[in-house]
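Trainee: Quick one: the structure is below, and I'll ask about it shortly.
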2 protein chains.
Amino acid sequence: MADKAQLQEAIKTQGEVVRKLKSEKASKEQIDEEVARLLQLKAQLGGDEGKHVFVLKTAKGTRDYNPKQMAIREKVFNIIINCFKRHGAETIDSPVFELKETLTGKYGEDSKLIYDLKDQGGELLSLRYDLTVPFARYLAMNKITNIKRYHIAKVYRRDNPAMTRGRYREFYQCDFDIAGQYDAMIPDAECLKLVYEILSELDLGDFRIKVNDRRILDGMFAICGVPDEKFRTICSTVDKLDKLAWEEVKKEMVNEKGLSEEVADRIRDYVSMQGGKDLAERLLQDPKLSQSKQACAGITDMKLLFSYLELFQITDKVVFDLSLARGLDYYTGVIYEAILTQANPAPASTPAEQNGAEDAGVSVGSVAGGGRYDGLVGMFDPKGRKVPCVGVSIGIERVFSIMEQKAELSSEKVRTTETQVLVASAQKNLLEERLKLTAELWNAGIKAEVLYKKNPKLLSQLQHCEDTGIPLVAILGEQELKDGVVKLRNVASREEVDVPRAELVDEVKKRTS
Amino acid sequence: MADKAQLQEAIKTQGEVVRKLKSEKASKEQIDEEVARLLQLKAQLGGDEGKHVFVLKTAKGTRDYNPKQMAIREKVFNIIINCFKRHGAETIDSPVFELKETLTGKYGEDSKLIYDLKDQGGELLSLRYDLTVPFARYLAMNKITNIKRYHIAKVYRRDNPAMTRGRYREFYQCDFDIAGQYDAMIPDAECLKLVYEILSELDLGDFRIKVNDRRILDGMFAICGVPDEKFRTICSTVDKLDKLAWEEVKKEMVNEKGLSEEVADRIRDYVSMQGGKDLAERLLQDPKLSQSKQACAGITDMKLLFSYLELFQITDKVVFDLSLARGLDYYTGVIYEAILTQANPAPASTPAEQNGAEDAGVSVGSVAGGGRYDGLVGMFDPKGRKVPCVGVSIGIERVFSIMEQKAELSSEKVRTTETQVLVASAQKNLLEERLKLTAELWNAGIKAEVLYKKNPKLLSQLQHCEDTGIPLVAILGEQELKDGVVKLRNVASREEVDVPRAELVDEVKKRTS
């Protein structure tokens, strides 16, 4: 614990910070954060009696997962990992922190959201901000030129609380990427097929997958008359079309980004287009767009992509949408984003809205996103050797949130254990017999529990089963011991039947399979 | 990127730090660490052409897991989690960082090894140092008085490199704890049974589980004449008995810790005792030890514990060992530690020696450890309400290391994917047919891959199967398409057989089940 005088000084200073923010009418979130720190310092000083009082909370923007949330998380992970494995993916893991320098220059303006570690001597470190940059670092460092891998892990962003109310600062990303020099659009098509499978199996309701291509966007901006240096910023503005009406987006383009009205209107004509392979074919004939070599390359690839999606029979949910832009700088080709089209219990404003899929300006119902990034690995390679990559990130926090709310609304109870049978007794002085039988069951691979009481009441043993969803009770009594049987009770139906002890394991297995 | 002049200044300063350390003949590790930082700074400045050159490495003391290591990690996790679930445990998760204050005062001298986050405004944060303190914080914060939970996650320690050469700074802990007010020794016995099951199922060779009790140690120190304030430090010295001979331990007690020779000799008489229930019974008759109320309580519980271990039939590997001390301050009752008794491929000095089981002075082959800590949760509760806890930590990094080395030595290849079948063709222009069949297999739940090439050679397709252990190839050709069959090839035996396309899924399932 810090020295008392030091602490008192720090409390005084922090008090001034809070007063200043209040007088400046800073945002509620900013004030709250500094007040939290003030309280933390005061708590360190201790109460009147000098007793140390703890601030009992998790760090701002983080949460514990309780057993029920963990059960849901496990279920979601199982579905998704099963899909990844079905597609032949390996998995890797990387440390939670990287050299600060590894993250520098990868996230543009968002770099200010990176968590740095304190300089305690030695290397300067930061918490990972996503899984893509560590993946690129891993490929370059190990000179890997092709791999299909998934990585599920937590990432960290000191999100500006005033802007992103209620978002988590620690959250999961769930990434699948294919690295390697391959024939055009084949891995890209597999990524879309994978998203289709995952969203179908998660059973979140109907969805659409929007696809576009950075090269088409760039070509389109060029022929519409957007200056080169404004491509990225106009991209961000276009990306807002799923939340804002065209008039508002246009206003931003003209008033904030300095485009002329005519340029903006030309952009509108394109970004309002949606379709499939047919749209790609039509755009190839577009007298203006076809003048852009870049756009043509993108559109030709889009046509090829759709022909593969037809083979995969997933074109019913995939839309070629020229308004899809996505925010990240590193995309170089195909981009895509999946949205839920049905109302879901989790509203847009829940914390879990934040996920890997919405690095920037993604629509309200976004649950997956990704694209091709052929240049990122080359940034790390000393000789600039490129490793083409395409990948997808499942917005798993949003999925958790939907699943959690579904579970809340459902009458079915979420079990947090998998216990098959509770070993119980109705009589006293049978603890040793209960422990012996429990061990027999464990040794046979049965998931079993026993209450840690010498003489628990039968009622409290049955109540434990009700509370935790244990389906069976194996009841021991003097008579059962004499007869070499166990009374097996079905908790739901209350039916009881004597089972010879030697057959108990098989009977439990049969009933719980 | 930092300003150039700033960087040059930082490089100059860091150069001086390195020179100073060298002139002072500091430890190699310390110099290496500061040199690494110097190189990092220089790299930021860029090469001659000003091009930014990345330092391609993970942070000191951390490692990536490659797909092979991940496959082993997954296998180990599955075995252990299965055991936890068999015992009816739930799981929880907590954030990777806690309020700095939550960790303060829990780890004694080791607190200097805690990673702090940089003060970027708001709360002061630190990376978790173990899973036990966050667990206690979770219980107090949510007013939970009983739970049986496991938690597998990474923890962080800025280990002093000079002292703990080659250890990881980011490593897994794997904890199982039972919190709640229960009848004596029942949950404690279950923890030991669980360790027995896990170590048996991991198949690491023979092992022993040493048990002792903090109350017995304290009582023993008291009657031997150790002053109260020296209990903890003498505990640490006793704990070295599994590595050092008695004479050396005695030397430390007398010369460093200031005990008299007679006191040390009295301690020796006790700490050389090993046994089972019989030893507990004998000690209860010990004329001196039986005078200590504390020791008697511990010994009586030990006797009870062994009677439960007999019911669980695990006394063949459990030893009541009065020399077991364990380092952590928070233990209040039973303590235990599991060691491997056979030589294992992983030598004592490997990085993976470090694990949750050896928080202090644990023997070379230690793979699990734990004990009872009835006071920790109360430290967090505003009213000091106690929640008794007993738990065990599996030394999972050591287990990974042994498993990885076993895999190295074994002729059997570690598969990093679970792909059942590769869809291939020997002829050109069959990409579309390959994609179609692959999608059919995916939709039927078969794990399938297809090469991302328009016209791959059959040899390179077969080679991919050899490299990655895919057991089956589904080969398509003009003739097969005409006949409505697929040629199914067994990669190992090279046998090929035509399978009607409609039966392919069942055939693959049958052959790979």
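Labels used: A, B, ... for chains in the order of the structure tokens, numbers from 1 for residues in each chain, and numbers from 1 for ligands as shown.
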Got a sec to tell me which of range 190-223 of chain B DSSP assigns to strand (DSSP E or B), as JSON, numbers by chain?

Mentor: {"B": [207, 208, 209, 210, 211, 212, 213]}

Trainee: Skipping near chain neighbours, those fewer than 5 positions away, what residues fall within 7 Å of Glu449 in chain A using only C-alpha atoms, listed as a PDB file with N, CA, C and O atoms, in the first residue's frame?

Mentor:
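Once written, selection.pdb looks like this:
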```pdb
ATOM      1  N   THR A 419     -23.664 -32.652 -14.342  1.00  0.00           N
ATOM      2  CA  THR A 419     -23.826 -33.766 -13.405  1.00  0.00           C
ATOM      3  C   THR A 419     -25.025 -34.644 -13.779  1.00  0.00           C
ATOM      4  O   THR A 419     -26.127 -34.149 -13.989  1.00  0.00           O
ATOM      5  N   VAL A 421     -25.911 -37.543 -11.897  1.00  0.00           N
ATOM      6  CA  VAL A 421     -26.559 -38.183 -10.755  1.00  0.00           C
ATOM      7  C   VAL A 421     -26.019 -37.638  -9.432  1.00  0.00           C
ATOM      8  O   VAL A 421     -24.825 -37.364  -9.302  1.00  0.00           O
ATOM      9  N   LEU A 422     -26.920 -37.433  -8.478  1.00  0.00           N
ATOM     10  CA  LEU A 422     -26.509 -37.075  -7.120  1.00  0.00           C
ATOM     11  C   LEU A 422     -26.621 -38.316  -6.252  1.00  0.00           C
ATOM     12  O   LEU A 422     -27.651 -39.007  -6.271  1.00  0.00           O
ATOM     13  N   VAL A 423     -25.567 -38.607  -5.504  1.00  0.00           N
ATOM     14  CA  VAL A 423     -25.617 -39.737  -4.574  1.00  0.00           C
ATOM     15  C   VAL A 423     -26.151 -39.224  -3.239  1.00  0.00           C
ATOM     16  O   VAL A 423     -25.566 -38.326  -2.638  1.00  0.00           O
ATOM     17  N   THR A 438     -20.110 -42.729  -4.706  1.00  0.00           N
ATOM     18  CA  THR A 438     -19.740 -41.617  -5.596  1.00  0.00           C
ATOM     19  C   THR A 438     -18.425 -41.916  -6.303  1.00  0.00           C
ATOM     20  O   THR A 438     -18.300 -41.715  -7.520  1.00  0.00           O
TER      21      THR A 438
ATOM     22  N   HIS B  87     -16.829 -34.018 -11.659  1.00  0.00           N
ATOM     23  CA  HIS B  87     -17.022 -33.684 -10.246  1.00  0.00           C
ATOM     24  C   HIS B  87     -18.040 -32.560 -10.059  1.00  0.00           C
ATOM     25  O   HIS B  87     -18.104 -31.957  -8.993  1.00  0.00           O
ATOM     26  N   GLY B  88     -18.792 -32.278 -11.103  1.00  0.00           N
ATOM     27  CA  GLY B  88     -19.891 -31.322 -10.955  1.00  0.00           C
ATOM     28  C   GLY B  88     -19.475 -29.868 -10.839  1.00  0.00           C
ATOM     29  O   GLY B  88     -20.212 -29.056 -10.287  1.00  0.00           O
TER      30      GLY B  88
END
```

Trainee: Which parts of range 246-483 of chain B does DSSP call alpha helix (DSSP H) when run on the backbone here, written out as a compact mmCIF listing (two decimals) with N, CA, C and O atoms, in the first residue's frame?

Mentor:
```txt
# COMPACT_ATOMS: atom_id res chain seq x y z
N TRP B 246 19.23 -32.10 4.50
CA TRP B 246 18.89 -31.51 5.79
C TRP B 246 19.98 -30.57 6.29
O TRP B 246 19.69 -29.49 6.82
N GLU B 247 21.25 -30.95 6.09
CA GLU B 247 22.34 -30.14 6.62
C GLU B 247 22.30 -28.71 6.08
O GLU B 247 22.57 -27.75 6.80
N GLU B 248 21.98 -28.61 4.80
CA GLU B 248 21.93 -27.28 4.19
C GLU B 248 20.73 -26.49 4.71
O GLU B 248 20.81 -25.28 4.94
N VAL B 249 19.60 -27.19 4.83
CA VAL B 249 18.41 -26.53 5.35
C VAL B 249 18.67 -26.05 6.78
O VAL B 249 18.33 -24.93 7.15
N LYS B 250 19.32 -26.89 7.53
CA LYS B 250 19.64 -26.52 8.92
C LYS B 250 20.54 -25.28 8.96
O LYS B 250 20.34 -24.36 9.75
N LYS B 251 21.54 -25.29 8.06
CA LYS B 251 22.45 -24.16 7.99
C LYS B 251 21.67 -22.85 7.79
O LYS B 251 21.93 -21.84 8.43
N GLU B 261 20.71 -24.24 17.29
CA GLU B 261 20.91 -25.59 16.75
C GLU B 261 19.90 -26.58 17.33
O GLU B 261 19.39 -27.45 16.63
N GLU B 262 19.61 -26.42 18.62
CA GLU B 262 18.69 -27.36 19.27
C GLU B 262 17.29 -27.27 18.65
O GLU B 262 16.64 -28.28 18.40
N VAL B 263 16.84 -26.03 18.43
CA VAL B 263 15.51 -25.84 17.83
C VAL B 263 15.47 -26.50 16.46
O VAL B 263 14.55 -27.24 16.13
N ALA B 264 16.53 -26.26 15.65
CA ALA B 264 16.59 -26.85 14.32
C ALA B 264 16.53 -28.38 14.41
O ALA B 264 15.80 -29.04 13.65
N ASP B 265 17.27 -28.94 15.34
CA ASP B 265 17.30 -30.41 15.46
C ASP B 265 15.94 -30.96 15.86
O ASP B 265 15.52 -32.03 15.40
N ARG B 266 15.25 -30.21 16.75
CA ARG B 266 13.90 -30.64 17.12
C ARG B 266 12.98 -30.66 15.90
O ARG B 266 12.19 -31.57 15.72
N ILE B 267 13.14 -29.62 15.04
CA ILE B 267 12.32 -29.57 13.81
C ILE B 267 12.63 -30.78 12.94
O ILE B 267 11.74 -31.43 12.41
N ARG B 268 13.94 -31.10 12.84
CA ARG B 268 14.31 -32.23 11.98
C ARG B 268 13.59 -33.51 12.39
O ARG B 268 13.11 -34.27 11.55
N ASP B 269 13.51 -33.74 13.68
CA ASP B 269 12.88 -34.98 14.14
C ASP B 269 11.46 -35.11 13.60
O ASP B 269 11.01 -36.20 13.27
N TYR B 270 10.77 -33.96 13.49
CA TYR B 270 9.39 -34.02 12.97
C TYR B 270 9.34 -34.09 11.44
O TYR B 270 8.64 -34.92 10.87
N VAL B 271 10.11 -33.19 10.79
CA VAL B 271 9.93 -33.09 9.33
C VAL B 271 10.46 -34.30 8.59
O VAL B 271 10.23 -34.44 7.39
N LYS B 277 -2.46 -42.67 7.75
CA LYS B 277 -3.34 -42.52 8.90
C LYS B 277 -2.60 -42.93 10.19
O LYS B 277 -2.79 -42.31 11.25
N ASP B 278 -1.75 -43.96 10.05
CA ASP B 278 -0.99 -44.45 11.21
C ASP B 278 -0.13 -43.36 11.82
O ASP B 278 -0.03 -43.23 13.03
N LEU B 279 0.50 -42.54 10.95
CA LEU B 279 1.34 -41.46 11.45
C LEU B 279 0.50 -40.44 12.23
O LEU B 279 0.90 -39.96 13.29
N ALA B 280 -0.68 -40.16 11.70
CA ALA B 280 -1.58 -39.23 12.39
C ALA B 280 -1.92 -39.76 13.77
O ALA B 280 -1.87 -39.02 14.77
N GLU B 281 -2.21 -41.05 13.82
CA GLU B 281 -2.56 -41.65 15.12
C GLU B 281 -1.38 -41.59 16.09
O GLU B 281 -1.53 -41.28 17.28
N ARG B 282 -0.17 -41.85 15.56
CA ARG B 282 1.02 -41.81 16.40
C ARG B 282 1.27 -40.40 16.93
O ARG B 282 1.59 -40.21 18.09
N LEU B 283 1.09 -39.40 16.03
CA LEU B 283 1.37 -38.02 16.43
C LEU B 283 0.39 -37.53 17.50
O LEU B 283 0.74 -36.69 18.32
N LEU B 284 -0.84 -38.07 17.44
CA LEU B 284 -1.81 -37.67 18.47
C LEU B 284 -1.35 -38.12 19.85
O LEU B 284 -1.77 -37.56 20.87
N LYS B 293 -2.76 -27.21 20.80
CA LYS B 293 -4.16 -27.36 20.41
C LYS B 293 -4.30 -27.31 18.88
O LYS B 293 -5.02 -28.09 18.27
N GLN B 294 -3.55 -26.36 18.31
CA GLN B 294 -3.55 -26.20 16.85
C GLN B 294 -3.14 -27.47 16.14
O GLN B 294 -3.80 -27.95 15.22
N ALA B 295 -1.99 -28.01 16.57
CA ALA B 295 -1.45 -29.21 15.94
C ALA B 295 -2.45 -30.36 16.07
O ALA B 295 -2.71 -31.09 15.11
N CYS B 296 -3.05 -30.49 17.26
CA CYS B 296 -4.01 -31.57 17.47
C CYS B 296 -5.19 -31.47 16.52
O CYS B 296 -5.63 -32.48 15.95
N ALA B 297 -5.69 -30.23 16.34
CA ALA B 297 -6.82 -30.04 15.42
C ALA B 297 -6.42 -30.48 14.02
O ALA B 297 -7.16 -31.19 13.32
N GLY B 298 -5.20 -30.09 13.60
CA GLY B 298 -4.71 -30.46 12.27
C GLY B 298 -4.55 -31.96 12.13
O GLY B 298 -4.92 -32.55 11.11
N ILE B 299 -4.00 -32.60 13.16
CA ILE B 299 -3.74 -34.04 13.07
C ILE B 299 -5.06 -34.83 13.08
O ILE B 299 -5.21 -35.81 12.35
N THR B 300 -6.00 -34.37 13.91
CA THR B 300 -7.30 -35.04 13.94
C THR B 300 -7.97 -34.97 12.57
O THR B 300 -8.53 -35.95 12.07
N ASP B 301 -7.89 -33.78 11.96
CA ASP B 301 -8.45 -33.64 10.61
C ASP B 301 -7.70 -34.52 9.61
O ASP B 301 -8.31 -35.08 8.70
N MET B 302 -6.40 -34.62 9.79
CA MET B 302 -5.61 -35.44 8.87
C MET B 302 -6.07 -36.90 8.95
O MET B 302 -6.20 -37.58 7.93
N LYS B 303 -6.35 -37.35 10.17
CA LYS B 303 -6.83 -38.72 10.36
C LYS B 303 -8.17 -38.91 9.64
O LYS B 303 -8.38 -39.91 8.94
N LEU B 304 -9.04 -37.92 9.80
CA LEU B 304 -10.35 -37.99 9.14
C LEU B 304 -10.18 -37.98 7.62
O LEU B 304 -10.81 -38.75 6.89
N LEU B 305 -9.28 -37.10 7.17
CA LEU B 305 -9.03 -37.01 5.72
C LEU B 305 -8.62 -38.38 5.18
O LEU B 305 -9.14 -38.84 4.17
N PHE B 306 -7.69 -39.03 5.87
CA PHE B 306 -7.23 -40.33 5.39
C PHE B 306 -8.34 -41.38 5.40
O PHE B 306 -8.36 -42.27 4.54
N SER B 307 -9.28 -41.26 6.34
CA SER B 307 -10.37 -42.24 6.32
C SER B 307 -11.23 -42.05 5.06
O SER B 307 -11.71 -43.01 4.47
N TYR B 308 -11.38 -40.79 4.61
CA TYR B 308 -12.12 -40.55 3.35
C TYR B 308 -11.30 -41.01 2.15
O TYR B 308 -11.84 -41.56 1.18
N LEU B 309 -9.98 -40.79 2.21
CA LEU B 309 -9.13 -41.21 1.09
C LEU B 309 -9.15 -42.73 0.95
O LEU B 309 -9.04 -43.25 -0.17
N GLU B 310 -9.31 -43.42 2.08
CA GLU B 310 -9.44 -44.89 2.02
C GLU B 310 -10.71 -45.28 1.28
O GLU B 310 -10.70 -46.19 0.44
N LEU B 311 -11.80 -44.57 1.59
CA LEU B 311 -13.06 -44.85 0.87
C LEU B 311 -12.89 -44.60 -0.63
O LEU B 311 -13.45 -45.30 -1.45
N LEU B 376 -9.15 -15.76 2.86
CA LEU B 376 -8.91 -14.84 1.74
C LEU B 376 -10.16 -14.05 1.33
O LEU B 376 -10.10 -12.84 1.12
N VAL B 377 -11.28 -14.74 1.20
CA VAL B 377 -12.50 -14.06 0.76
C VAL B 377 -12.89 -12.97 1.77
O VAL B 377 -13.30 -11.87 1.39
N GLY B 378 -12.70 -13.27 3.05
CA GLY B 378 -13.00 -12.30 4.10
C GLY B 378 -12.21 -11.01 3.97
O GLY B 378 -12.66 -9.95 4.39
N MET B 379 -11.00 -11.09 3.38
CA MET B 379 -10.21 -9.88 3.17
C MET B 379 -10.92 -8.90 2.25
O MET B 379 -10.68 -7.70 2.28
N PHE B 380 -11.78 -9.43 1.36
CA PHE B 380 -12.49 -8.58 0.42
C PHE B 380 -13.85 -8.15 0.92
O PHE B 380 -14.39 -7.16 0.46
N ILE B 396 -0.28 -26.86 -15.30
CA ILE B 396 -0.61 -27.27 -16.66
C ILE B 396 0.50 -26.95 -17.64
O ILE B 396 0.68 -27.64 -18.65
N GLU B 397 1.31 -25.92 -17.36
CA GLU B 397 2.41 -25.60 -18.27
C GLU B 397 3.42 -26.74 -18.26
O GLU B 397 3.99 -27.11 -19.29
N ARG B 398 3.64 -27.30 -17.09
CA ARG B 398 4.55 -28.45 -16.98
C ARG B 398 3.96 -29.65 -17.73
O ARG B 398 4.68 -30.39 -18.39
N VAL B 399 2.65 -29.82 -17.63
CA VAL B 399 1.99 -30.92 -18.34
C VAL B 399 2.13 -30.73 -19.85
O VAL B 399 2.48 -31.66 -20.58
N PHE B 400 1.88 -29.48 -20.34
CA PHE B 400 2.06 -29.21 -21.77
C PHE B 400 3.46 -29.62 -22.19
O PHE B 400 3.65 -30.26 -23.22
N SER B 401 4.43 -29.18 -21.40
CA SER B 401 5.82 -29.38 -21.75
C SER B 401 6.14 -30.88 -21.85
O SER B 401 6.79 -31.32 -22.80
N ILE B 402 5.65 -31.65 -20.90
CA ILE B 402 5.89 -33.10 -20.94
C ILE B 402 5.21 -33.70 -22.16
O ILE B 402 5.79 -34.50 -22.90
N MET B 403 3.97 -33.28 -22.42
CA MET B 403 3.22 -33.81 -23.56
C MET B 403 3.89 -33.43 -24.88
O MET B 403 3.95 -34.23 -25.81
N GLU B 404 4.39 -32.19 -24.96
CA GLU B 404 5.05 -31.75 -26.19
C GLU B 404 6.31 -32.58 -26.44
O GLU B 404 6.57 -32.99 -27.57
N GLN B 405 7.06 -32.83 -25.38
CA GLN B 405 8.28 -33.60 -25.56
C GLN B 405 7.99 -35.06 -25.85
O GLN B 405 8.69 -35.70 -26.62
N LYS B 406 6.93 -35.58 -25.24
CA LYS B 406 6.51 -36.95 -25.57
C LYS B 406 6.16 -37.04 -27.06
O LYS B 406 6.51 -38.01 -27.73
N ALA B 407 5.46 -36.03 -27.55
CA ALA B 407 5.06 -36.02 -28.96
C ALA B 407 6.28 -35.97 -29.86
O ALA B 407 6.34 -36.62 -30.90
N GLU B 408 7.28 -35.18 -29.45
CA GLU B 408 8.53 -35.09 -30.21
C GLU B 408 9.19 -36.45 -30.34
O GLU B 408 9.67 -36.84 -31.39
N LEU B 409 9.21 -37.17 -29.22
CA LEU B 409 9.92 -38.44 -29.17
C LEU B 409 9.13 -39.56 -29.85
O LEU B 409 9.70 -40.55 -30.30
N LEU B 431 -12.54 -27.90 -61.09
CA LEU B 431 -12.66 -27.10 -59.88
C LEU B 431 -14.11 -27.00 -59.42
O LEU B 431 -14.41 -27.21 -58.23
N GLU B 432 -15.00 -26.70 -60.35
CA GLU B 432 -16.39 -26.50 -59.95
C GLU B 432 -17.00 -27.76 -59.36
O GLU B 432 -17.72 -27.72 -58.37
N GLU B 433 -16.66 -28.90 -59.96
CA GLU B 433 -17.17 -30.17 -59.43
C GLU B 433 -16.59 -30.46 -58.06
O GLU B 433 -17.28 -30.98 -57.17
N ARG B 434 -15.33 -30.12 -57.89
CA ARG B 434 -14.71 -30.32 -56.57
C ARG B 434 -15.39 -29.45 -55.52
O ARG B 434 -15.70 -29.91 -54.42
N LEU B 435 -15.62 -28.19 -55.87
CA LEU B 435 -16.27 -27.28 -54.90
C LEU B 435 -17.66 -27.78 -54.54
O LEU B 435 -18.08 -27.73 -53.38
N LYS B 436 -18.39 -28.26 -55.55
CA LYS B 436 -19.75 -28.72 -55.33
C LYS B 436 -19.77 -29.92 -54.36
O LYS B 436 -20.55 -29.96 -53.40
N LEU B 437 -18.87 -30.86 -54.62
CA LEU B 437 -18.83 -32.04 -53.75
C LEU B 437 -18.39 -31.66 -52.33
O LEU B 437 -18.94 -32.16 -51.34
N THR B 438 -17.43 -30.75 -52.25
CA THR B 438 -16.96 -30.31 -50.92
C THR B 438 -18.11 -29.71 -50.12
O THR B 438 -18.29 -30.02 -48.94
N ALA B 439 -18.89 -28.86 -50.78
CA ALA B 439 -20.03 -28.24 -50.09
C ALA B 439 -21.03 -29.29 -49.65
O ALA B 439 -21.60 -29.21 -48.56
N GLU B 440 -21.24 -30.31 -50.49
CA GLU B 440 -22.14 -31.41 -50.10
C GLU B 440 -21.67 -32.07 -48.82
O GLU B 440 -22.45 -32.36 -47.91
N LEU B 441 -20.35 -32.29 -48.76
CA LEU B 441 -19.79 -32.94 -47.57
C LEU B 441 -19.91 -32.04 -46.34
O LEU B 441 -20.30 -32.47 -45.27
N TRP B 442 -19.57 -30.76 -46.50
CA TRP B 442 -19.71 -29.82 -45.38
C TRP B 442 -21.15 -29.81 -44.87
O TRP B 442 -21.38 -29.87 -43.66
N ASN B 443 -22.07 -29.76 -45.79
CA ASN B 443 -23.48 -29.69 -45.39
C ASN B 443 -23.93 -30.95 -44.65
O ASN B 443 -24.87 -30.91 -43.86
N LEU B 458 -2.52 -34.22 -59.03
CA LEU B 458 -3.00 -35.23 -58.08
C LEU B 458 -1.94 -35.47 -57.01
O LEU B 458 -2.25 -35.60 -55.82
N LEU B 459 -0.66 -35.47 -57.45
CA LEU B 459 0.41 -35.73 -56.51
C LEU B 459 0.44 -34.69 -55.38
O LEU B 459 0.63 -35.03 -54.21
N SER B 460 0.23 -33.43 -55.73
CA SER B 460 0.29 -32.41 -54.67
C SER B 460 -0.94 -32.51 -53.77
O SER B 460 -0.86 -32.18 -52.57
N GLN B 461 -2.04 -33.01 -54.30
CA GLN B 461 -3.21 -33.22 -53.47
C GLN B 461 -2.97 -34.38 -52.49
O GLN B 461 -3.30 -34.28 -51.30
N LEU B 462 -2.35 -35.45 -52.99
CA LEU B 462 -2.04 -36.58 -52.11
C LEU B 462 -0.98 -36.17 -51.07
O LEU B 462 -1.04 -36.57 -49.92
N GLN B 463 -0.03 -35.35 -51.54
CA GLN B 463 1.02 -34.90 -50.63
C GLN B 463 0.42 -34.09 -49.47
O GLN B 463 0.85 -34.23 -48.32
N HIS B 464 -0.57 -33.26 -49.77
CA HIS B 464 -1.23 -32.49 -48.72
C HIS B 464 -1.85 -33.41 -47.66
O HIS B 464 -1.80 -33.13 -46.46
N CYS B 465 -2.41 -34.53 -48.14
CA CYS B 465 -2.98 -35.51 -47.19
C CYS B 465 -1.89 -36.13 -46.32
O CYS B 465 -2.05 -36.26 -45.10
N GLU B 466 -0.79 -36.49 -46.95
CA GLU B 466 0.33 -37.06 -46.20
C GLU B 466 0.82 -36.06 -45.15
O GLU B 466 1.05 -36.41 -43.98
N ASP B 467 0.99 -34.81 -45.57
CA ASP B 467 1.54 -33.79 -44.68
C ASP B 467 0.64 -33.53 -43.48
O ASP B 467 1.12 -33.26 -42.38
N THR B 468 -0.66 -33.57 -43.69
CA THR B 468 -1.56 -33.12 -42.62
C THR B 468 -2.34 -34.27 -42.00
O THR B 468 -3.15 -34.04 -41.11
N GLU B 478 -13.84 -37.35 -64.98
CA GLU B 478 -14.95 -37.36 -65.95
C GLU B 478 -15.75 -38.66 -65.83
O GLU B 478 -16.97 -38.67 -65.82
N GLN B 479 -15.02 -39.78 -65.74
CA GLN B 479 -15.66 -41.08 -65.69
C GLN B 479 -16.52 -41.21 -64.44
O GLN B 479 -17.67 -41.65 -64.50
N GLU B 480 -15.96 -40.81 -63.30
CA GLU B 480 -16.70 -40.89 -62.03
C GLU B 480 -17.97 -40.06 -62.10
O GLU B 480 -19.03 -40.48 -61.63
N LEU B 481 -17.85 -38.86 -62.67
CA LEU B 481 -19.02 -37.98 -62.77
C LEU B 481 -20.10 -38.64 -63.62
O LEU B 481 -21.29 -38.59 -63.30
N LYS B 482 -19.66 -39.26 -64.72
CA LYS B 482 -20.59 -39.94 -65.62
C LYS B 482 -21.28 -41.09 -64.90
O LYS B 482 -22.48 -41.30 -65.01
N ASP B 483 -20.48 -41.83 -64.12
CA ASP B 483 -21.02 -43.02 -63.43
C ASP B 483 -21.75 -42.70 -62.13
O ASP B 483 -22.28 -43.61 -61.48
```

Trainee: Can you tell me which residues surround range 257-259 of chain A at a distance of at most 8 Å, considering only C-alpha atoms, apart from same-chain residues fewer than 3 positions away, and format the answer as a VMD selection string?

Mentor: chain A and resid 226 230 233 to 234 252 to 254 263 to 264

Trainee: Can those selected residues be exported to a file as a CSV table (one decimal), in the first residue's frame so that it contains C-alpha atoms?

Mentor:
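What landed in part26.csv:
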```csv
chain,number,residue,atom,x,y,z
A,226,VAL,CA,-13.4,12.2,-55.3
A,230,LYS,CA,-10.2,11.6,-49.6
A,233,THR,CA,-12.6,9.3,-45.3
A,234,ILE,CA,-15.4,9.2,-47.9
A,252,GLU,CA,-21.4,14.9,-44.2
A,253,MET,CA,-19.8,14.5,-47.6
A,254,VAL,CA,-20.4,18.0,-48.6
A,263,VAL,CA,-19.7,14.4,-56.8
A,264,ALA,CA,-21.9,13.3,-53.9
```

Trainee: With distances taken over only C-alpha atoms, which of A:Arg128, A:Lys487, A:Arg19, A:Arg494 is nearest to Val508 in chain A?

Mentor: A:Lys487

Trainee: Which polymer residues have any atom within 6 Å of an atom of range 501-504 of chain B, counting only C-alpha atoms, with same-chain residues fewer than 6 positions away left out, as a PyMOL selection string?

Mentor: chain B and resi 484-486

Trainee: Can you work out which one of A:Gln30, A:Ser393, A:Thr237, A:Gln420 has the shortest atom-to-atom distance to Cys174 in chain A, counting only C-alpha atoms?

Mentor: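 Closest residue, counting only C-alpha atoms: A:Ser393.
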